[in-house]
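> start_6.txt is the file, holding compact mmCIF, C-alpha atoms (C1' of nucleotides):
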```txt
# COMPACT_ATOMS: atom_id res chain seq x y z
CA MET C 4 109.14 95.68 145.48
CA LEU C 5 106.15 97.69 146.70
CA ALA C 6 105.11 100.73 144.71
CA ILE C 7 104.90 104.07 146.45
CA VAL C 8 101.27 105.05 146.50
CA ALA C 9 101.60 108.26 148.48
CA ASP C 10 102.36 110.04 145.23
CA HIS C 11 101.74 113.62 144.13
CA PHE C 12 98.04 112.96 143.68
CA PHE C 13 97.91 111.99 147.28
CA PHE C 14 99.81 115.08 148.37
CA SER C 15 97.61 117.39 146.34
CA ALA C 16 94.54 115.79 147.81
CA LEU C 17 95.84 116.38 151.30
CA HIS C 18 96.67 119.99 150.59
CA LYS C 19 93.12 120.74 149.57
CA GLY C 20 92.53 120.77 153.30
CA ALA C 21 90.36 117.73 153.41
CA PHE C 22 91.15 114.89 155.72
CA PHE C 23 91.93 111.34 155.14
CA ARG C 24 89.99 108.62 156.87
CA TYR C 25 90.13 104.88 157.04
CA THR C 26 86.83 103.22 157.71
CA ASP C 27 85.25 99.79 157.94
CA VAL C 28 88.63 98.20 158.23
CA MET C 29 89.58 94.93 159.76
CA PRO C 30 93.23 95.77 159.97
CA GLU C 31 95.33 92.94 158.66
CA LEU C 32 98.66 93.27 156.91
CA PRO C 33 97.42 95.02 153.73
CA GLU C 34 95.32 97.53 155.66
CA VAL C 35 98.12 98.28 158.10
CA GLU C 36 100.50 98.74 155.18
CA THR C 37 98.07 101.17 153.54
CA VAL C 38 97.55 103.09 156.76
CA MET C 39 101.31 103.39 157.24
CA ARG C 40 101.75 104.71 153.70
CA GLY C 41 98.96 107.18 154.32
CA MET C 42 100.73 108.40 157.46
CA MET C 43 104.07 108.89 155.76
CA PRO C 44 103.49 112.30 154.13
CA ALA C 45 102.38 113.82 157.43
CA LEU C 46 104.53 112.01 159.96
CA GLU C 47 107.75 110.88 158.34
CA ASN C 48 110.49 113.49 158.51
CA ALA C 49 108.32 115.51 160.85
CA THR C 50 108.81 116.85 164.35
CA ILE C 51 106.23 115.95 166.97
CA GLN C 52 105.27 119.26 168.49
CA ASN C 53 102.47 118.17 170.76
CA VAL C 54 100.68 115.01 171.89
CA THR C 55 97.21 114.98 173.43
CA ILE C 56 96.06 111.78 175.14
CA ASN C 57 92.35 111.66 175.91
CA ARG C 58 92.41 108.26 177.51
CA PHE C 59 95.16 105.87 178.47
CA ASP C 60 93.22 102.63 178.82
CA LEU C 61 93.79 101.03 175.47
CA ARG C 62 94.91 97.41 175.48
CA GLY C 63 97.96 97.20 177.69
CA GLY C 64 97.62 100.86 178.60
CA ILE C 65 99.41 103.83 177.08
CA PRO C 66 102.49 104.65 179.20
CA ARG C 67 101.82 107.61 181.48
CA ASP C 68 104.96 109.33 180.27
CA PHE C 69 104.23 108.69 176.58
CA ALA C 70 103.71 112.35 175.67
CA GLU C 71 106.81 113.66 177.37
CA ARG C 72 108.99 110.96 175.80
CA VAL C 73 107.94 111.74 172.22
CA THR C 74 107.25 115.47 172.29
CA GLY C 75 109.93 117.37 170.43
CA ALA C 76 111.32 114.26 168.77
CA TYR C 77 111.89 113.92 165.05
CA VAL C 78 110.29 110.99 163.21
CA ASP C 79 112.79 109.80 160.63
CA LYS C 80 111.30 106.48 159.63
CA LEU C 81 108.04 104.55 159.62
CA GLU C 82 107.90 100.82 159.10
CA ARG C 83 105.47 97.94 159.40
CA ARG C 84 106.02 94.56 161.03
CA GLY C 85 103.07 92.18 160.94
CA LYS C 86 100.07 94.25 161.92
CA TYR C 87 102.15 96.81 163.80
CA ILE C 88 103.29 100.25 162.67
CA ILE C 89 106.56 101.44 164.16
CA ALA C 90 107.63 105.08 164.12
CA HIS C 91 111.32 105.54 164.80
CA LEU C 92 112.32 108.72 166.60
CA ASN C 93 115.69 110.43 166.78
CA ASN C 94 115.83 110.11 170.57
CA ASP C 95 116.44 106.35 170.67
CA THR C 96 112.73 105.72 171.09
CA SER C 97 110.28 103.94 168.82
CA ILE C 98 106.51 104.29 168.90
CA ILE C 99 104.71 100.96 168.53
CA LEU C 100 101.14 101.20 167.21
CA HIS C 101 98.58 98.45 166.70
CA LEU C 102 95.12 99.25 165.33
CA GLY C 103 93.40 96.38 167.10
CA MET C 104 90.26 95.72 165.16
CA SER C 105 88.56 99.09 165.10
CA GLY C 106 91.56 101.41 165.09
CA ARG C 107 91.60 104.25 162.55
CA ILE C 108 94.06 106.95 161.67
CA ARG C 109 92.79 110.29 160.44
CA ILE C 110 95.22 112.76 158.99
CA PHE C 111 94.60 116.48 158.74
CA PRO C 112 97.23 118.43 156.80
CA GLN C 113 96.09 121.48 158.74
CA ALA C 114 95.09 120.92 162.33
CA THR C 115 92.47 123.65 162.03
CA SER C 116 90.29 121.37 159.91
CA TYR C 117 90.24 118.70 162.60
CA ASP C 118 86.81 117.54 163.77
CA ALA C 119 86.92 115.76 167.08
CA GLN C 120 85.39 112.31 167.30
CA LYS C 121 84.15 110.54 170.38
CA HIS C 122 86.87 107.89 170.32
CA ASP C 123 89.87 109.98 169.33
CA HIS C 124 92.18 108.73 172.06
CA VAL C 125 95.51 110.16 170.94
CA ILE C 126 96.27 113.23 168.80
CA PHE C 127 99.69 114.07 167.38
CA ASP C 128 100.48 117.56 166.11
CA THR C 129 103.53 118.14 163.98
CA ALA C 130 105.68 121.24 163.72
CA ALA C 131 104.50 121.56 160.11
CA GLY C 132 100.95 122.02 161.35
CA ALA C 133 99.49 118.59 160.57
CA ARG C 134 97.34 116.62 162.97
CA ILE C 135 97.20 112.83 163.19
CA ALA C 136 94.34 111.36 165.22
CA PHE C 137 94.17 107.79 166.48
CA GLU C 138 90.55 106.74 166.84
CA ASP C 139 89.58 103.35 168.27
CA PRO C 140 86.04 102.73 169.54
CA ARG C 141 86.69 99.21 170.81
CA ARG C 142 90.05 100.03 172.33
CA PHE C 143 91.67 96.79 171.19
CA GLY C 144 94.46 98.92 169.82
CA MET C 145 97.85 99.37 171.42
CA LEU C 146 100.23 102.30 171.67
CA TYR C 147 103.49 102.11 173.58
CA LEU C 148 107.19 102.82 173.37
CA ALA C 149 110.32 100.72 172.95
CA PRO C 150 114.03 101.46 172.80
CA ARG C 151 114.75 102.11 169.14
CA SER C 152 117.95 100.07 169.19
CA ALA C 153 116.13 96.98 170.44
CA TRP C 154 112.49 97.48 169.50
CA ASP C 155 112.31 94.07 167.80
CA GLN C 156 114.07 92.18 170.60
CA ALA C 157 111.00 91.96 172.83
CA PRO C 158 107.60 90.34 172.39
CA PRO C 159 105.65 90.30 170.19
CA PHE C 160 108.42 90.91 167.65
CA SER C 161 111.04 88.61 169.12
CA LYS C 162 109.03 85.52 168.25
CA MET C 163 107.10 86.83 165.28
CA GLY C 164 107.10 84.80 162.06
CA SER C 165 108.37 85.88 158.67
CA GLU C 166 107.01 88.79 156.70
CA PRO C 167 105.03 86.98 154.02
CA LEU C 168 105.98 89.46 151.29
CA ASP C 169 109.70 89.18 152.02
CA ASN C 170 111.88 86.95 149.89
CA HIS C 171 112.83 85.25 153.14
CA PHE C 172 109.36 83.83 153.28
CA HIS C 173 109.29 80.78 151.05
CA ALA C 174 107.69 77.37 151.00
CA GLN C 175 110.45 75.64 152.93
CA ARG C 176 110.19 78.13 155.77
CA LEU C 177 106.44 77.70 155.96
CA ALA C 178 106.80 73.94 155.80
CA SER C 179 109.18 73.82 158.74
CA ALA C 180 106.82 75.96 160.80
CA LEU C 181 103.88 73.71 160.04
CA THR C 182 105.33 70.23 160.41
CA SER C 183 105.14 70.26 164.20
CA ARG C 184 101.62 71.64 164.18
CA LYS C 185 98.62 69.42 164.70
CA SER C 186 95.98 72.13 164.68
CA PRO C 187 93.89 72.90 161.59
CA ILE C 188 95.81 74.91 159.00
CA LYS C 189 93.33 77.76 159.44
CA SER C 190 94.26 78.15 163.10
CA ALA C 191 97.99 77.81 162.42
CA LEU C 192 97.97 80.59 159.82
CA LEU C 193 96.34 82.93 162.32
CA ASP C 194 99.32 82.43 164.63
CA GLN C 195 101.54 85.49 164.20
CA ASN C 196 104.55 83.41 165.18
CA ILE C 197 104.17 81.31 162.04
CA VAL C 198 103.40 84.03 159.49
CA ALA C 199 103.20 87.69 160.45
CA GLY C 200 100.24 89.82 159.50
CA LEU C 201 97.58 87.35 158.43
CA GLY C 202 94.16 87.69 160.01
CA ASN C 203 90.87 85.89 159.69
CA ILE C 204 89.92 87.36 156.31
CA TYR C 205 93.13 86.77 154.39
CA VAL C 206 93.65 83.31 155.85
CA CYS C 207 90.29 82.31 154.42
CA GLU C 208 91.10 83.93 151.09
CA ALA C 209 94.57 82.40 150.83
CA LEU C 210 93.32 78.89 151.60
CA TYR C 211 90.64 79.30 148.95
CA ARG C 212 93.18 80.38 146.35
CA ALA C 213 95.42 77.47 147.28
CA HIS C 214 92.50 75.00 147.06
CA ILE C 215 93.27 73.76 150.57
CA SER C 216 90.53 73.07 153.09
CA PRO C 217 90.78 75.11 156.31
CA LEU C 218 89.91 71.91 158.17
CA ARG C 219 93.08 70.11 157.10
CA LEU C 220 95.63 69.48 159.82
CA SER C 221 98.76 71.59 159.42
CA ASN C 222 101.15 68.66 159.38
CA SER C 223 99.17 66.85 156.69
CA LEU C 224 100.04 69.26 153.87
CA ASN C 225 102.39 67.92 151.22
CA ALA C 226 105.15 69.90 149.50
CA ASP C 227 103.01 70.86 146.51
CA GLU C 228 100.26 72.12 148.75
CA ILE C 229 102.66 74.21 150.78
CA ASP C 230 104.07 75.66 147.58
CA ALA C 231 100.57 76.61 146.50
CA LEU C 232 99.74 78.02 149.90
CA THR C 233 102.90 80.13 150.00
CA ALA C 234 102.11 81.60 146.60
CA ALA C 235 98.47 82.16 147.50
CA ILE C 236 99.40 84.06 150.67
CA LYS C 237 101.70 86.37 148.74
CA ASP C 238 99.19 86.88 145.94
CA VAL C 239 96.23 87.66 148.14
CA LEU C 240 98.23 90.16 150.18
CA ARG C 241 99.72 91.86 147.12
CA ASP C 242 96.30 92.20 145.55
CA ALA C 243 94.86 93.72 148.70
CA ILE C 244 97.72 96.20 149.05
CA ALA C 245 97.24 97.19 145.41
CA ALA C 246 93.54 97.75 146.09
CA GLY C 247 94.41 99.89 149.11
CA GLY C 248 96.82 101.87 146.98
CA SER C 249 94.19 102.49 144.37
CA THR C 250 91.79 103.83 146.96
CA LEU C 251 94.55 106.15 148.16
CA ARG C 252 94.94 107.48 144.63
CA ASP C 253 91.19 107.67 144.11
CA TYR C 254 90.88 109.87 147.13
CA GLN C 255 91.40 112.98 145.03
CA HIS C 256 88.11 112.24 143.32
CA THR C 257 86.06 111.76 146.44
CA ASP C 258 84.62 114.16 148.90
CA GLY C 259 84.05 111.96 151.87
CA GLU C 260 85.70 109.16 153.64
CA LEU C 261 88.15 106.70 152.25
CA GLY C 262 87.30 103.03 152.51
CA TYR C 263 89.30 100.10 151.30
CA PHE C 264 86.88 97.42 150.58
CA GLN C 265 84.78 98.34 147.65
CA HIS C 266 86.15 95.12 146.23
CA ARG C 267 84.70 91.83 147.36
CA PHE C 268 86.35 88.80 148.80
CA ASP C 269 86.14 85.42 147.11
CA VAL C 270 84.87 83.53 150.15
CA TYR C 271 85.00 85.68 153.29
CA GLY C 272 81.52 86.73 154.36
CA ARG C 273 79.90 84.90 151.44
CA LYS C 274 78.11 82.09 153.26
CA ASP C 275 75.62 80.27 150.99
CA GLU C 276 76.65 82.38 148.00
CA PRO C 277 77.97 80.70 144.84
CA CYS C 278 81.61 79.69 144.70
CA LYS C 279 83.50 82.03 142.38
CA THR C 280 85.29 79.24 140.57
CA ALA C 281 83.68 79.16 137.13
CA THR C 282 83.55 75.38 136.91
CA CYS C 283 82.15 74.93 140.43
CA ASP C 284 78.46 74.82 141.28
CA ALA C 285 78.84 74.66 145.05
CA THR C 286 78.04 77.38 147.57
CA VAL C 287 80.39 78.84 150.19
CA GLN C 288 80.35 77.00 153.49
CA HIS C 289 80.69 78.53 156.93
CA CYS C 290 81.99 77.03 160.15
CA VAL C 291 83.69 78.14 163.35
CA GLN C 292 87.28 77.24 164.15
CA SER C 293 88.99 78.36 167.34
CA GLY C 294 86.06 80.68 167.86
CA ARG C 295 86.52 82.40 164.50
CA SER C 296 84.37 82.33 161.40
CA THR C 297 85.73 80.27 158.54
CA PHE C 298 84.45 80.47 154.97
CA TYR C 299 85.42 77.97 152.27
CA CYS C 300 84.25 75.96 149.32
CA ALA C 301 84.04 72.29 150.24
CA GLN C 302 84.20 71.32 146.57
CA CYS C 303 87.25 73.39 145.54
CA GLN C 304 89.22 73.13 148.76
CA LEU C 305 90.36 69.62 149.60
C1' DA O 5 104.57 72.66 174.89
C1' DC O 6 100.49 72.87 172.67
C1' DG O 7 95.72 73.84 171.63
C1' DA O 8 91.21 75.47 172.70
C1' DG O 9 88.43 78.83 174.64
C1' DA O 10 87.40 83.06 177.31
C1' DA O 11 88.09 87.83 178.08
C1' DC O 12 88.62 92.40 176.56
C1' DC O 13 85.34 96.27 174.06
C1' DT O 14 81.50 98.76 171.59
C1' DG O 15 79.12 99.64 167.19
C1' DT O 16 76.22 97.11 164.24
C1' DT O 17 73.18 93.48 162.97
C1' DT O 18 69.85 90.04 163.97
C1' DG O 19 65.88 88.04 166.34
C1' DC O 20 61.84 88.13 169.02
C1' DT D 28 58.62 99.42 166.65
C1' DG D 29 61.70 98.59 170.35
C1' DC D 30 64.72 96.24 172.98
C1' DA D 31 67.94 92.58 173.95
C1' DA D 32 70.96 89.25 172.44
C1' DA D 33 74.31 87.92 169.17
C1' DC D 34 78.16 89.05 166.43
C1' DA D 35 82.61 90.91 164.76
C1' DG D 36 87.89 90.06 165.58
C1' DG D 37 93.61 90.58 167.40
C1' DT D 38 95.90 89.61 171.21
C1' DT D 39 96.66 87.85 175.80
C1' DC D 40 95.52 85.04 179.53
C1' DT D 41 93.84 80.72 181.58
C1' DC D 42 92.94 76.01 181.74
C1' DG D 43 93.24 71.14 180.44
```
Can you turn what I pasted into structure tokens?

Amino acid sequence: MLAIVADHFFFSALHKGAFFRYTDVMPELPEVETVMRGMMPALENATIQNVTINRFDLRGGIPRDFAERVTGAYVDKLERRGKYIIAHLNNDTSIILHLGMSGRIRIFPQATSYDAQKHDHVIFDTAAGARIAFEDPRRFGMLYLAPRSAWDQAPPFSKMGSEPLDNHFHAQRLASALTSRKSPIKSALLDQNIVAGLGNIYVCEALYRAHISPLRLSNSLNADEIDALTAAIKDVLRDAIAAGGSTLRDYQHTDGELGYFQHRFDVYGRKDEPCKTATCDATVQHCVQSGRSTFYCAQCQL
DNA sequence: ACGAGAACCTGTTTGC
DNA sequence: TGCAAACAGGTTCTCG
């Protein structure tokens, strides 16, 4: 149901020799989806000719034999699960990539135009001459390998919740995951084992759209509220993916970096600013839950 | 089993 | 102006 945004505009932009950069991103599901789509033209149906690893000490550590296990392999499919990007290789290996919170992917259609950055930890070169650089200043990112035939049988995928944009994700499924939960709904929605791919920003946004207070206990939501929440989660993610897609397309018109978030959020980061509901005169409230910033409208969200 | 909080990390913002 | 402290957040680990 998702439109292909890596269209011919995108290809022509890449072939001008410029590069493609993601910046100022808190990678949640929509950002990871956009990054994966941006990687597709360069990495899908490509042969990995060379891998350069500048440092191995990302979260969990990059396997010491990572380069030798992927060099020469053919990438025949990319997919996303939650906030992870998985590249499937033709040698029964899958590359698992997580952007952490500061991870970026830069793509150079011609490796000769590559400009090295301080935190470029891993660099992939393809047989077609492209270069894909994984940059991550905070090193919360992850990069490791799994057997392709069983990549989703191990943590974190084995216990991961539904993909919120799948048809399999519906109100009843969310309800059953929440009934045993006593924590605030905000905290529960951040749990990747309940819904995959939500992070702090989109949880705040979804609760705002559903008119549900982040302070409510998970098991206190009634059926109507869970219906609204399910729809709000899907809507907010679809909107954000569409915005990411439009920035991909707009890239042909820009000379510099590509950022996602020219658009503003309804509540996230808007402490003390006016609520965006036309009939509401309240201001956005801020609090901390489970050590994370929460933004909400106390008047609209009950 | 569950929930809360700390730790990890560094670029950026805030406060004195 | 300059420096230090606070802040940001996804995941994993620890503790109650």
> Residues of chain D within 12 Å of chain C, using only C-alpha atoms (C1' of nucleotides), as a list in words?
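Taking only C-alpha atoms (C1' of nucleotides) into account, DC34, DA35, DG36, DG37, DT38 and DT39 of chain D sit within 12 Å of chain C.
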> Using all atoms listed in the file and a distance of at most 8 Å, pull out the residues of chain C that contact chain O, as a list of chain:residue names.
C:Pro140, C:Arg141, C:Arg142, C:Phe143, C:Ser186, C:Ser293, C:Gly294
> What is the distance between CA of Tyr271 (chain C) and CA of Glu208 (chain C), in Å to one decimal?
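Going from CA of Tyr271 (chain C) over to CA of Glu208 (chain C), I get 6.7 Å.
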> Can you sort out the box for region 33-39 of chain C, edges along x, y and z, all listed atoms in, 4 Å on every side, with centre and edge lengths in Å to one decimal, as AutoDock Vina command-line options?

```
--center_x 98.3 --center_y 99.2 --center_z 155.8 --size_x 14.0 --size_y 16.4 --size_z 12.6
```
> Between CA of Ala174 (chain C) and CA of Leu224 (chain C), what distance in Å does the model show, to one decimal?
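CA of Leu224 (chain C) lies 11.5 Å from CA of Ala174 (chain C).
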> Work out how far CA of Ser97 (chain C) is from CA of Thr55 (chain C), in Å to one decimal.
17.7 Å
> Tell me which of C:Arg273, C:Thr96, C:Asp139, C:Asp284 sits closest to Asn57 (chain C), counting all atoms listed in the file.
C:Asp139
> With a distance cut-off of 10 Å and all atoms listed in the file, select the neighbouring residues of Arg212 (chain C), excluding the residue or stretch itself and same-chain residues fewer than 6 positions from it, and output the selection as a ChimeraX atom specification.
/C:206,231-232,234-236,238-239,269-270,280,303-304
> Return the single residue from C:Ile88, C:Leu46, C:Ala213, C:Val287 that is closest to Arg134 (chain C), with distances computed using only C-alpha atoms.
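Checking each candidate against Arg134 (chain C), we get C:Leu46 as the closest.
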